[in-house]
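Shown next, in structure tokens, is the structure this report addresses.
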Amino acid sequence: MNERTPPPPCRYPLPDLEELPSDIRERIEAVGARSGFVPNVFLALARRPAEFRAFFAYHDALMDRDEGLTKAEREMVVVATSAVNDCAYCVVAHGAILRVRAKDPLLADRVAVNWRHASLSPREQAILRLASKVAERPGAVVEEDLQEALGAGLSEEEVWDVVAITAFFALSNRLASPFRIQPNPEFFTLGR
């Protein structure tokens with residue numbers, strides 16, 4: 001069998017954890033302790049501490065809320081829109097998180113390949129229909145699109161969540177892809 005040499009974790013050299021500001025180092029160490037590995041995106045973004053702090057503050061505000069969309073629904077939005085944006089890192093990493101949160105080893109792959117053919121509830125279909133339109137043609141989103149989501153049972157705050165998560169991960173996708181941030185091997189088997 002031909003062994004492939006894995007690409008480097010990022011186009012830019014990853015910083016030494018010991019040289020990072022203490023708040024960033026502590027956050028990265030906590031993530032590593034919880035997951036058993038440090039996701040490459042944390043070290044890649046840590047090379048610019050102020051941007052790291054701002055990025056993860058907004059990430060946490062969107063993704064760690066207890067109100068609104070479920071944790072699995074939030075991850076579904078990330079996987080579907082990251083697939084639209086051709087971001088391998090986010091599809092793989094958040095696909096792993098979706099598998100864990102949804103307790104479904106196949107859902108993330110189905111959502112990433114084509115959510116329209118996945119077995120989803122009407123609510124989940126409405127969420128991903130809105131998210132996909134925001135990702136593909138944000139200027140074409142009209143009031144009727146938002147009303148359709150509301151008609152499928154989403155609240156006004158959940159509609160906001162869908163749009164904000166899609167927008168935030170457009171930023172994330174546009175960092176991860178050009179910087180060639182690679183998904184950690186651990187993500188591929190998580191939740192399977």
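Residues are referred to by chain and number: the chain letter is A, B, ... according to the order shown in the structure tokens, the number counts from 1 in that chain, and ligands are numbered separately from 1 in the order shown.
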Neighbours of range 141-144 of chain A within 12 Å (only C-alpha atoms; same-chain residues fewer than 4 positions away dropped), as a list in words?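 What passes the distance filter is Arg129, Leu130, Ala131, Ser132, Lys133, Val134, Ala135, Glu136, Arg137, Glu148, Ala149, Leu150, Gly151, Val159 and Val163 of chain A.
Excluding Ile97 in chain A itself and same-chain residues fewer than 2 positions from it, the residues having an atom within 9 Å of it are Ala72, Glu75, Val92, Ala93, His94, Gly95, Arg99, Val100, Arg101, Ala102, Ala108, Phe187, Leu190 and Gly191 of chain A, counting only C-alpha atoms.
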Compare A:Ser155, A:Arg192, A:Pro185, A:Asp161 by their minimum atom-to-atom distance to Phe37 in chain A, counting only C-alpha atoms, and give me the closest one.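 Comparing A:Ser155, A:Arg192, A:Pro185, A:Asp161 against Phe37 in chain A, the winner is A:Pro185.
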Within 10 Å of range 2-22 of chain A, which residues of range 30-92 of chain A come that close, and what is the closest atom pair and distance in Å for each? Count only C-alpha atoms and give it as a tab-separated table.
residue	atom	partner	partner_atom	distance
A:Pro39	CA	A:Pro9	CA	9.7
A:Asn40	CA	A:Pro9	CA	6.3
A:Val41	CA	A:Cys10	CA	8.5
A:Phe42	CA	A:Leu14	CA	9.4
A:Leu43	CA	A:Leu14	CA	5.8
A:Ala44	CA	A:Leu14	CA	5.6
A:Leu45	CA	A:Leu14	CA	8.6
A:Ala46	CA	A:Pro15	CA	7.1
A:Arg47	CA	A:Pro15	CA	5.9
A:Arg48	CA	A:Leu20	CA	9.6
A:Pro49	CA	A:Pro21	CA	7.6
DSSP on the backbone, then: every residue of range 79-162 of chain A marked alpha helix (DSSP H), written as a PyMOL selection string. chain A and resi 79-84+88-102+107-114+122-136+143-151+156-162
Considering only C-alpha atoms, return as an NGL selection string whatever protein or nucleic-acid residues lie within 12 Å of Ala152 in chain A, sequence-local ones (same chain, fewer than 4 positions apart) excluded. :A and (121-130 or 145-148 or 156 or 158-159)
As a PyMOL selection string, please: the residues near Glu67 in chain A (cut-off 10 Å, only C-alpha atoms, same-chain neighbours under 2 positions excluded). chain A and resi 64-65+69-71+157-158+161
Restrict the selected residues to C-alpha atoms and save them as a PDB file, in the first residue's frame.
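Contents of the output file out_18.pdb:
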ATOM      1  CA  ASP A  64     -22.766  27.910  22.655  1.00  0.00           C
ATOM      2  CA  ARG A  65     -26.193  29.467  23.237  1.00  0.00           C
ATOM      3  CA  LEU A  69     -31.555  26.344  17.563  1.00  0.00           C
ATOM      4  CA  THR A  70     -30.372  23.087  19.068  1.00  0.00           C
ATOM      5  CA  LYS A  71     -26.642  22.375  19.115  1.00  0.00           C
ATOM      6  CA  GLU A 157     -34.454  34.512  17.065  1.00  0.00           C
ATOM      7  CA  GLU A 158     -33.821  31.164  15.362  1.00  0.00           C
ATOM      8  CA  ASP A 161     -29.277  32.281  14.404  1.00  0.00           C
TER       9      ASP A 161
END
Might you pull out every residue within 12 Å of Asn85 in chain A, with only C-alpha atoms counted and same-chain residues fewer than 5 positions away left off, and present them as a PDB file with N, CA and C atoms, in the first residue's frame?
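Contents of the output file out-v6.pdb:
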ATOM      1  N   VAL A  78     -23.614  24.772   9.837  1.00  0.00           N
ATOM      2  CA  VAL A  78     -22.181  24.899   9.526  1.00  0.00           C
ATOM      3  C   VAL A  78     -21.772  23.900   8.443  1.00  0.00           C
ATOM      4  N   VAL A  79     -22.191  22.662   8.582  1.00  0.00           N
ATOM      5  CA  VAL A  79     -21.799  21.639   7.609  1.00  0.00           C
ATOM      6  C   VAL A  79     -22.364  21.967   6.227  1.00  0.00           C
ATOM      7  N   ALA A  80     -23.655  22.288   6.159  1.00  0.00           N
ATOM      8  CA  ALA A  80     -24.278  22.562   4.858  1.00  0.00           C
ATOM      9  C   ALA A  80     -23.660  23.778   4.179  1.00  0.00           C
ATOM     10  N   CYS A  90     -13.967  22.829   7.667  1.00  0.00           N
ATOM     11  CA  CYS A  90     -15.204  22.999   8.424  1.00  0.00           C
ATOM     12  C   CYS A  90     -16.200  21.873   8.172  1.00  0.00           C
ATOM     13  N   VAL A  91     -16.246  21.344   6.948  1.00  0.00           N
ATOM     14  CA  VAL A  91     -17.136  20.212   6.686  1.00  0.00           C
ATOM     15  C   VAL A  91     -16.715  19.026   7.542  1.00  0.00           C
ATOM     16  N   ALA A 112     -23.578  17.153   4.102  1.00  0.00           N
ATOM     17  CA  ALA A 112     -22.477  17.735   3.338  1.00  0.00           C
ATOM     18  C   ALA A 112     -22.584  17.446   1.849  1.00  0.00           C
ATOM     19  N   ALA A 131     -30.321  28.746   5.168  1.00  0.00           N
ATOM     20  CA  ALA A 131     -28.866  28.847   5.295  1.00  0.00           C
ATOM     21  C   ALA A 131     -28.184  28.751   3.939  1.00  0.00           C
ATOM     22  N   SER A 132     -28.636  27.833   3.107  1.00  0.00           N
ATOM     23  CA  SER A 132     -28.019  27.668   1.788  1.00  0.00           C
ATOM     24  C   SER A 132     -28.213  28.908   0.931  1.00  0.00           C
ATOM     25  N   LYS A 133     -29.391  29.501   0.993  1.00  0.00           N
ATOM     26  CA  LYS A 133     -29.620  30.705   0.187  1.00  0.00           C
ATOM     27  C   LYS A 133     -28.750  31.853   0.692  1.00  0.00           C
ATOM     28  N   VAL A 134     -28.635  31.984   2.010  1.00  0.00           N
ATOM     29  CA  VAL A 134     -27.760  33.026   2.568  1.00  0.00           C
ATOM     30  C   VAL A 134     -26.314  32.786   2.126  1.00  0.00           C
ATOM     31  N   ALA A 135     -25.885  31.525   2.109  1.00  0.00           N
ATOM     32  CA  ALA A 135     -24.503  31.204   1.708  1.00  0.00           C
ATOM     33  C   ALA A 135     -24.276  31.434   0.222  1.00  0.00           C
ATOM     34  N   GLU A 136     -25.243  31.063  -0.599  1.00  0.00           N
ATOM     35  CA  GLU A 136     -25.065  31.120  -2.052  1.00  0.00           C
ATOM     36  C   GLU A 136     -25.370  32.486  -2.654  1.00  0.00           C
ATOM     37  N   ARG A 137     -26.466  33.110  -2.179  1.00  0.00           N
ATOM     38  CA  ARG A 137     -26.921  34.371  -2.782  1.00  0.00           C
ATOM     39  C   ARG A 137     -27.519  35.280  -1.701  1.00  0.00           C
ATOM     40  N   THR A 166     -24.487  31.222   9.455  1.00  0.00           N
ATOM     41  CA  THR A 166     -24.068  31.121   8.053  1.00  0.00           C
ATOM     42  C   THR A 166     -23.050  32.203   7.720  1.00  0.00           C
ATOM     43  N   ALA A 167     -23.311  33.425   8.142  1.00  0.00           N
ATOM     44  CA  ALA A 167     -22.397  34.536   7.866  1.00  0.00           C
ATOM     45  C   ALA A 167     -21.060  34.350   8.567  1.00  0.00           C
ATOM     46  N   PHE A 169     -19.634  31.566   9.528  1.00  0.00           N
ATOM     47  CA  PHE A 169     -18.839  30.491   8.942  1.00  0.00           C
ATOM     48  C   PHE A 169     -18.411  30.791   7.506  1.00  0.00           C
ATOM     49  N   ALA A 170     -19.038  31.750   6.849  1.00  0.00           N
ATOM     50  CA  ALA A 170     -18.497  32.224   5.577  1.00  0.00           C
ATOM     51  C   ALA A 170     -17.122  32.843   5.834  1.00  0.00           C
ATOM     52  N   LEU A 171     -17.004  33.611   6.917  1.00  0.00           N
ATOM     53  CA  LEU A 171     -15.709  34.157   7.324  1.00  0.00           C
ATOM     54  C   LEU A 171     -14.740  33.029   7.636  1.00  0.00           C
ATOM     55  N   SER A 172     -15.171  32.096   8.469  1.00  0.00           N
ATOM     56  CA  SER A 172     -14.311  30.983   8.854  1.00  0.00           C
ATOM     57  C   SER A 172     -13.849  30.181   7.636  1.00  0.00           C
ATOM     58  N   ASN A 173     -14.783  29.879   6.732  1.00  0.00           N
ATOM     59  CA  ASN A 173     -14.447  29.125   5.521  1.00  0.00           C
ATOM     60  C   ASN A 173     -13.427  29.870   4.677  1.00  0.00           C
ATOM     61  N   ARG A 174     -13.549  31.176   4.635  1.00  0.00           N
ATOM     62  CA  ARG A 174     -12.658  31.984   3.803  1.00  0.00           C
ATOM     63  C   ARG A 174     -11.295  32.201   4.441  1.00  0.00           C
ATOM     64  N   LEU A 175     -11.155  31.843   5.689  1.00  0.00           N
ATOM     65  CA  LEU A 175      -9.844  31.786   6.334  1.00  0.00           C
ATOM     66  C   LEU A 175      -9.239  30.390   6.181  1.00  0.00           C
ATOM     67  N   ALA A 176     -10.026  29.386   6.495  1.00  0.00           N
ATOM     68  CA  ALA A 176      -9.508  28.009   6.534  1.00  0.00           C
ATOM     69  C   ALA A 176      -9.057  27.505   5.167  1.00  0.00           C
ATOM     70  N   SER A 177      -9.813  27.795   4.134  1.00  0.00           N
ATOM     71  CA  SER A 177      -9.462  27.247   2.811  1.00  0.00           C
ATOM     72  C   SER A 177      -8.186  27.854   2.231  1.00  0.00           C
ATOM     73  N   PRO A 178      -8.078  29.176   2.088  1.00  0.00           N
ATOM     74  CA  PRO A 178      -6.846  29.724   1.512  1.00  0.00           C
ATOM     75  C   PRO A 178      -5.600  29.464   2.370  1.00  0.00           C
TER      76      PRO A 178
END
Let me make sure I understand: among A:Phe52, A:Tyr58, A:Phe188, A:Trp115, which one has the smallest atom-to-atom distance to Met76 in chain A if we use only C-alpha atoms? A:Trp115
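Distance-wise, CA of Glu186 in chain A and CA of Ala96 in chain A end up 9.0 Å apart.
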Using only C-alpha atoms, find the one residue out of A:Leu120, A:Ala83, A:Val111, A:Ile24 that sits nearest to Ala57 in chain A.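 Checking each candidate against Ala57 in chain A, we get A:Ile24 as the closest.
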